[in-house]
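First the structure, in the form of structure tokens, and then the observations on it.
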Amino acid sequence: MELKQVGFSVEVYGSATELAADDAALLQKARQITAAAYAPYSNFCVGAAARLANGQVIEGTNQENASYPAGMCAERTLMSAAATRYPGIGIETMAISYDNKNGQSNRPISPCGICRQVLTEFEDRTGHPIKLILGGLNGEVYAIKTAKELLPLTFTSDDLKR
Ligand SMILES: [Zn+2]
């Protein structure tokens, strides 16, 4: 038996003002677009903003539904829009923020398990790592250099071929 260590490092910033200007601007867009979320059930409004490899910026918000599982996360809304408008173009950086109408919005949140799976395949299919900037409306901000780090031992299309 061998013990294998898996893990990753997170850059922690005291606030968005410590970020590089382009990352700070992207997080600000993610914060602003939370206003477009449709979250009447959770009151947890999520916004995502991404800068693509072609320089375009795409946004996404969570879109809930009375049939709860039919709801869609902000990250996957964004990736669907990006892949539709700019097929094959990678995402350089994605900022994710939220406005919790029932509580605090002052600490980073990270993508759910399903979004992590979709993020890693988006990285694979475009051949481009996605840097993540995670922050609430205020407070600490996390930066992670590639979405794949959030999902160690990822299930990929390669597994289907073995
Ligand atoms: Zn999700």
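Just remember, in the structure tokens the first chain shown is A, the second B, etc., residues are 1-based per chain, and ligands are 1-based in the order shown.
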Please identify every polymer residue within 12 Å of ligand 1, using only C-alpha atoms and all ligand atoms, and present the set as a PyMOL selection string. chain A and resi 46-48+60-64+69+71-79+96+109-119
With N, CA and C atoms kept, could you save the residues just selected as a PDB file, in the first residue's frame?
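Result went into out-v3.pdb, see below:
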```pdb
ATOM      1  N   VAL A  46     -26.369  33.985  -7.150  1.00  0.00           N
ATOM      2  CA  VAL A  46     -24.978  33.758  -7.539  1.00  0.00           C
ATOM      3  C   VAL A  46     -24.711  34.427  -8.885  1.00  0.00           C
ATOM      4  N   GLY A  47     -23.548  35.049  -9.000  1.00  0.00           N
ATOM      5  CA  GLY A  47     -23.134  35.672 -10.251  1.00  0.00           C
ATOM      6  C   GLY A  47     -21.751  35.191 -10.631  1.00  0.00           C
ATOM      7  N   ALA A  48     -21.557  34.950 -11.900  1.00  0.00           N
ATOM      8  CA  ALA A  48     -20.240  34.558 -12.400  1.00  0.00           C
ATOM      9  C   ALA A  48     -19.902  35.426 -13.605  1.00  0.00           C
ATOM     10  N   GLY A  60     -22.925  34.941 -16.074  1.00  0.00           N
ATOM     11  CA  GLY A  60     -23.961  33.944 -15.820  1.00  0.00           C
ATOM     12  C   GLY A  60     -24.510  34.120 -14.419  1.00  0.00           C
ATOM     13  N   THR A  61     -25.751  33.698 -14.230  1.00  0.00           N
ATOM     14  CA  THR A  61     -26.363  33.738 -12.902  1.00  0.00           C
ATOM     15  C   THR A  61     -27.106  32.438 -12.669  1.00  0.00           C
ATOM     16  N   ASN A  62     -27.392  32.139 -11.405  1.00  0.00           N
ATOM     17  CA  ASN A  62     -28.191  30.948 -11.144  1.00  0.00           C
ATOM     18  C   ASN A  62     -29.643  31.200 -11.534  1.00  0.00           C
ATOM     19  N   GLN A  63     -30.266  30.167 -12.093  1.00  0.00           N
ATOM     20  CA  GLN A  63     -31.638  30.237 -12.588  1.00  0.00           C
ATOM     21  C   GLN A  63     -32.410  29.074 -11.975  1.00  0.00           C
ATOM     22  N   GLU A  64     -33.180  29.379 -10.944  1.00  0.00           N
ATOM     23  CA  GLU A  64     -33.896  28.322 -10.225  1.00  0.00           C
ATOM     24  C   GLU A  64     -35.233  27.995 -10.898  1.00  0.00           C
ATOM     25  N   PRO A  69     -34.720  20.457  -9.096  1.00  0.00           N
ATOM     26  CA  PRO A  69     -33.538  19.949  -9.835  1.00  0.00           C
ATOM     27  C   PRO A  69     -33.382  20.556 -11.226  1.00  0.00           C
ATOM     28  N   GLY A  71     -33.224  23.632 -11.804  1.00  0.00           N
ATOM     29  CA  GLY A  71     -32.455  24.864 -11.665  1.00  0.00           C
ATOM     30  C   GLY A  71     -31.043  24.706 -12.195  1.00  0.00           C
ATOM     31  N   MET A  72     -30.443  25.836 -12.533  1.00  0.00           N
ATOM     32  CA  MET A  72     -29.101  25.816 -13.119  1.00  0.00           C
ATOM     33  C   MET A  72     -28.194  26.779 -12.362  1.00  0.00           C
ATOM     34  N   CYS A  73     -26.969  26.341 -12.104  1.00  0.00           N
ATOM     35  CA  CYS A  73     -25.999  27.182 -11.409  1.00  0.00           C
ATOM     36  C   CYS A  73     -25.460  28.281 -12.341  1.00  0.00           C
ATOM     37  N   ALA A  74     -24.952  29.337 -11.731  1.00  0.00           N
ATOM     38  CA  ALA A  74     -24.384  30.458 -12.488  1.00  0.00           C
ATOM     39  C   ALA A  74     -23.203  30.017 -13.356  1.00  0.00           C
ATOM     40  N   GLU A  75     -22.363  29.148 -12.801  1.00  0.00           N
ATOM     41  CA  GLU A  75     -21.161  28.732 -13.531  1.00  0.00           C
ATOM     42  C   GLU A  75     -21.527  27.991 -14.815  1.00  0.00           C
ATOM     43  N   ARG A  76     -22.504  27.082 -14.726  1.00  0.00           N
ATOM     44  CA  ARG A  76     -22.877  26.313 -15.915  1.00  0.00           C
ATOM     45  C   ARG A  76     -23.691  27.158 -16.889  1.00  0.00           C
ATOM     46  N   THR A  77     -24.464  28.111 -16.364  1.00  0.00           N
ATOM     47  CA  THR A  77     -25.149  29.051 -17.261  1.00  0.00           C
ATOM     48  C   THR A  77     -24.115  29.800 -18.080  1.00  0.00           C
ATOM     49  N   LEU A  78     -23.067  30.251 -17.399  1.00  0.00           N
ATOM     50  CA  LEU A  78     -21.989  30.989 -18.077  1.00  0.00           C
ATOM     51  C   LEU A  78     -21.294  30.121 -19.118  1.00  0.00           C
ATOM     52  N   MET A  79     -20.920  28.896 -18.736  1.00  0.00           N
ATOM     53  CA  MET A  79     -20.176  28.044 -19.672  1.00  0.00           C
ATOM     54  C   MET A  79     -21.016  27.688 -20.894  1.00  0.00           C
ATOM     55  N   ILE A  96     -16.497  34.300  -9.281  1.00  0.00           N
ATOM     56  CA  ILE A  96     -17.796  33.843  -8.781  1.00  0.00           C
ATOM     57  C   ILE A  96     -18.099  34.573  -7.475  1.00  0.00           C
ATOM     58  N   ILE A 109     -17.293  31.545  -1.733  1.00  0.00           N
ATOM     59  CA  ILE A 109     -17.919  30.238  -1.954  1.00  0.00           C
ATOM     60  C   ILE A 109     -17.250  29.624  -3.172  1.00  0.00           C
ATOM     61  N   SER A 110     -17.329  28.299  -3.270  1.00  0.00           N
ATOM     62  CA  SER A 110     -16.710  27.640  -4.423  1.00  0.00           C
ATOM     63  C   SER A 110     -17.761  26.829  -5.168  1.00  0.00           C
ATOM     64  N   PRO A 111     -17.474  26.492  -6.428  1.00  0.00           N
ATOM     65  CA  PRO A 111     -18.458  25.798  -7.258  1.00  0.00           C
ATOM     66  C   PRO A 111     -18.913  24.473  -6.644  1.00  0.00           C
ATOM     67  N   CYS A 112     -20.176  24.107  -6.901  1.00  0.00           N
ATOM     68  CA  CYS A 112     -20.711  22.837  -6.416  1.00  0.00           C
ATOM     69  C   CYS A 112     -20.054  21.686  -7.181  1.00  0.00           C
ATOM     70  N   GLY A 113     -20.318  20.485  -6.745  1.00  0.00           N
ATOM     71  CA  GLY A 113     -19.698  19.307  -7.351  1.00  0.00           C
ATOM     72  C   GLY A 113     -19.989  19.161  -8.831  1.00  0.00           C
ATOM     73  N   ILE A 114     -21.241  19.392  -9.231  1.00  0.00           N
ATOM     74  CA  ILE A 114     -21.590  19.243 -10.652  1.00  0.00           C
ATOM     75  C   ILE A 114     -20.826  20.274 -11.474  1.00  0.00           C
ATOM     76  N   CYS A 115     -20.773  21.504 -10.994  1.00  0.00           N
ATOM     77  CA  CYS A 115     -20.049  22.545 -11.731  1.00  0.00           C
ATOM     78  C   CYS A 115     -18.562  22.229 -11.812  1.00  0.00           C
ATOM     79  N   ARG A 116     -18.004  21.654 -10.757  1.00  0.00           N
ATOM     80  CA  ARG A 116     -16.580  21.274 -10.815  1.00  0.00           C
ATOM     81  C   ARG A 116     -16.344  20.282 -11.945  1.00  0.00           C
ATOM     82  N   GLN A 117     -17.254  19.331 -12.074  1.00  0.00           N
ATOM     83  CA  GLN A 117     -17.135  18.343 -13.145  1.00  0.00           C
ATOM     84  C   GLN A 117     -17.199  19.014 -14.518  1.00  0.00           C
ATOM     85  N   VAL A 118     -18.136  19.950 -14.675  1.00  0.00           N
ATOM     86  CA  VAL A 118     -18.307  20.631 -15.971  1.00  0.00           C
ATOM     87  C   VAL A 118     -17.135  21.571 -16.237  1.00  0.00           C
ATOM     88  N   LEU A 119     -16.654  22.231 -15.203  1.00  0.00           N
ATOM     89  CA  LEU A 119     -15.489  23.116 -15.354  1.00  0.00           C
ATOM     90  C   LEU A 119     -14.272  22.333 -15.853  1.00  0.00           C
TER      91      LEU A 119
END
```
I need the residues in segment 44-133 of chain A that are strand (DSSP E or B) according to DSSP; give them as number ranges by chain. A: 44-52, 57-61, 63, 72, 91-100, 131-133
Quick one: contact table of segment 79-119 of chain A to segment 128-132 of chain A, 8 Å max, nearest atom pair and distance in Å to one decimal per residue, counting only C-alpha atoms, chain and number order, as JSON lines?
```
{"residue": "A:Gly90", "atom": "CA", "partner": "A:His128", "partner_atom": "CA", "distance": 5.3}
{"residue": "A:Ile91", "atom": "CA", "partner": "A:Ile130", "partner_atom": "CA", "distance": 5.6}
{"residue": "A:Glu92", "atom": "CA", "partner": "A:Ile130", "partner_atom": "CA", "distance": 5.3}
{"residue": "A:Thr93", "atom": "CA", "partner": "A:Lys131", "partner_atom": "CA", "distance": 4.5}
{"residue": "A:Met94", "atom": "CA", "partner": "A:Leu132", "partner_atom": "CA", "distance": 5.0}
{"residue": "A:Ala95", "atom": "CA", "partner": "A:Leu132", "partner_atom": "CA", "distance": 5.8}
{"residue": "A:Ile96", "atom": "CA", "partner": "A:Leu132", "partner_atom": "CA", "distance": 7.6}
{"residue": "A:Leu119", "atom": "CA", "partner": "A:Ile130", "partner_atom": "CA", "distance": 7.9}
```
Mind writing the picked residues with N, CA and C atoms as a PDB file, in the first residue's frame?
```pdb
ATOM      1  N   GLY A  90     -11.311  29.057 -24.958  1.00  0.00           N
ATOM      2  CA  GLY A  90     -11.120  28.778 -23.545  1.00  0.00           C
ATOM      3  C   GLY A  90     -11.494  29.947 -22.653  1.00  0.00           C
ATOM      4  N   ILE A  91     -11.624  29.633 -21.381  1.00  0.00           N
ATOM      5  CA  ILE A  91     -11.877  30.662 -20.368  1.00  0.00           C
ATOM      6  C   ILE A  91     -10.569  30.908 -19.628  1.00  0.00           C
ATOM      7  N   GLU A  92     -10.138  32.167 -19.602  1.00  0.00           N
ATOM      8  CA  GLU A  92      -8.907  32.519 -18.863  1.00  0.00           C
ATOM      9  C   GLU A  92      -9.172  32.524 -17.366  1.00  0.00           C
ATOM     10  N   THR A  93     -10.184  33.274 -16.979  1.00  0.00           N
ATOM     11  CA  THR A  93     -10.479  33.482 -15.556  1.00  0.00           C
ATOM     12  C   THR A  93     -11.979  33.563 -15.362  1.00  0.00           C
ATOM     13  N   MET A  94     -12.469  32.924 -14.302  1.00  0.00           N
ATOM     14  CA  MET A  94     -13.872  33.039 -13.940  1.00  0.00           C
ATOM     15  C   MET A  94     -13.959  33.519 -12.482  1.00  0.00           C
ATOM     16  N   ALA A  95     -14.685  34.611 -12.283  1.00  0.00           N
ATOM     17  CA  ALA A  95     -14.937  35.120 -10.934  1.00  0.00           C
ATOM     18  C   ALA A  95     -16.347  34.709 -10.532  1.00  0.00           C
ATOM     19  N   ILE A  96     -16.497  34.300  -9.281  1.00  0.00           N
ATOM     20  CA  ILE A  96     -17.796  33.843  -8.781  1.00  0.00           C
ATOM     21  C   ILE A  96     -18.099  34.573  -7.475  1.00  0.00           C
ATOM     22  N   LEU A 119     -16.654  22.231 -15.203  1.00  0.00           N
ATOM     23  CA  LEU A 119     -15.489  23.116 -15.354  1.00  0.00           C
ATOM     24  C   LEU A 119     -14.272  22.333 -15.853  1.00  0.00           C
TER      25      LEU A 119
END
```
Distance criterion (only C-alpha atoms): nearest to Ala35 of chain A out of A:Leu137, A:Ala81, A:Ala16, A:Met1: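 For Ala35 of chain A, the nearest of the given residues is A:Leu137.
Taking only C-alpha atoms, the non-local environment of Glu18 of chain A within 12 Å (same-chain residues fewer than 2 positions away omitted) comprises Glu11, Val12, Tyr13, Gly14, Ser15, Ala16, Ala20, Ala21, Asp22, Asp23, Ala24, Ala25, Leu27, Gly139, Glu140, Val141, Tyr142 and Ala143 of chain A.
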Enumerate the residues of segment 30-90 of chain A with a DSSP assignment of alpha helix (DSSP H), computed from the backbone, and present them as JSON, numbers by chain. {"A": [30, 31, 32, 33, 74, 75, 76, 77, 78, 79, 80, 81, 82, 83, 84, 85]}
Compile the contact shell of Leu151 of chain A as a VMD selection string: residues with an atom at most 8 Å away, counting only C-alpha atoms, same-chain residues fewer than 2 positions apart removed. chain A and resid 116 to 117 120 147 to 149 153 to 154
Could you turn the residues from that selection into a file that holds C-alpha atoms, as a short mmCIF file (atom, residue, chain, number, x, y, z; two decimals), in the first residue's frame?
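As a result, again33.cif now contains:
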```cif
data_model
loop_
_atom_site.label_atom_id
_atom_site.label_comp_id
_atom_site.auth_asym_id
_atom_site.auth_seq_id
_atom_site.Cartn_x
_atom_site.Cartn_y
_atom_site.Cartn_z
CA ARG A 116 -16.58 21.27 -10.81
CA GLN A 117 -17.13 18.34 -13.14
CA THR A 120 -12.84 20.40 -15.69
CA ALA A 147 -10.55 24.55 -11.77
CA LYS A 148 -9.19 21.02 -12.07
CA GLU A 149 -7.53 21.41 -8.68
CA LEU A 153 -9.09 12.24 -9.29
CA THR A 154 -11.50 13.68 -11.84
#
```
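Using only C-alpha atoms, the smallest distance between any of A:Asn100, A:Thr17, A:Val57, A:Gln5 and Pro40 of chain A comes from A:Asn100.
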How far is it from atom CA of Gln28 of chain A to atom CA of Val10 of chain A, in Å with one decimal?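 Atom CA of Val10 of chain A lies at a distance of 19.9 Å from atom CA of Gln28 of chain A.
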Counting only C-alpha atoms, which of A:Ala53, A:Ile144, A:Ala66, A:Val6 gets nearest to Gly127 of chain A? A:Ala53
In Å, how far is it from atom CA of Gln104 of chain A to atom CA of Ser9 of chain A?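 The value is 25.2 Å.
Closest to Asn102 of chain A among A:Leu26, A:Leu3, A:Asn43, A:Ser80 is A:Asn43, based on only C-alpha atoms.
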Exercise: Gly88 of chain A partners within 8 Å, only C-alpha atoms, chain neighbours under 5 positions left out, as a PyMOL selection string: chain A and resi 83+125-126
Distance in Å - atom CA of Ser105 of chain A versus atom CA of Asn65 of chain A: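 Distance reported for this atom pair: 22.5 Å.
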Nearest to Arg51 of chain A: which of A:Gln32, A:Tyr98, A:Tyr86, A:Lys161 is it, counting only C-alpha atoms?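 Ranked by minimum distance to Arg51 of chain A, first place goes to A:Tyr86.
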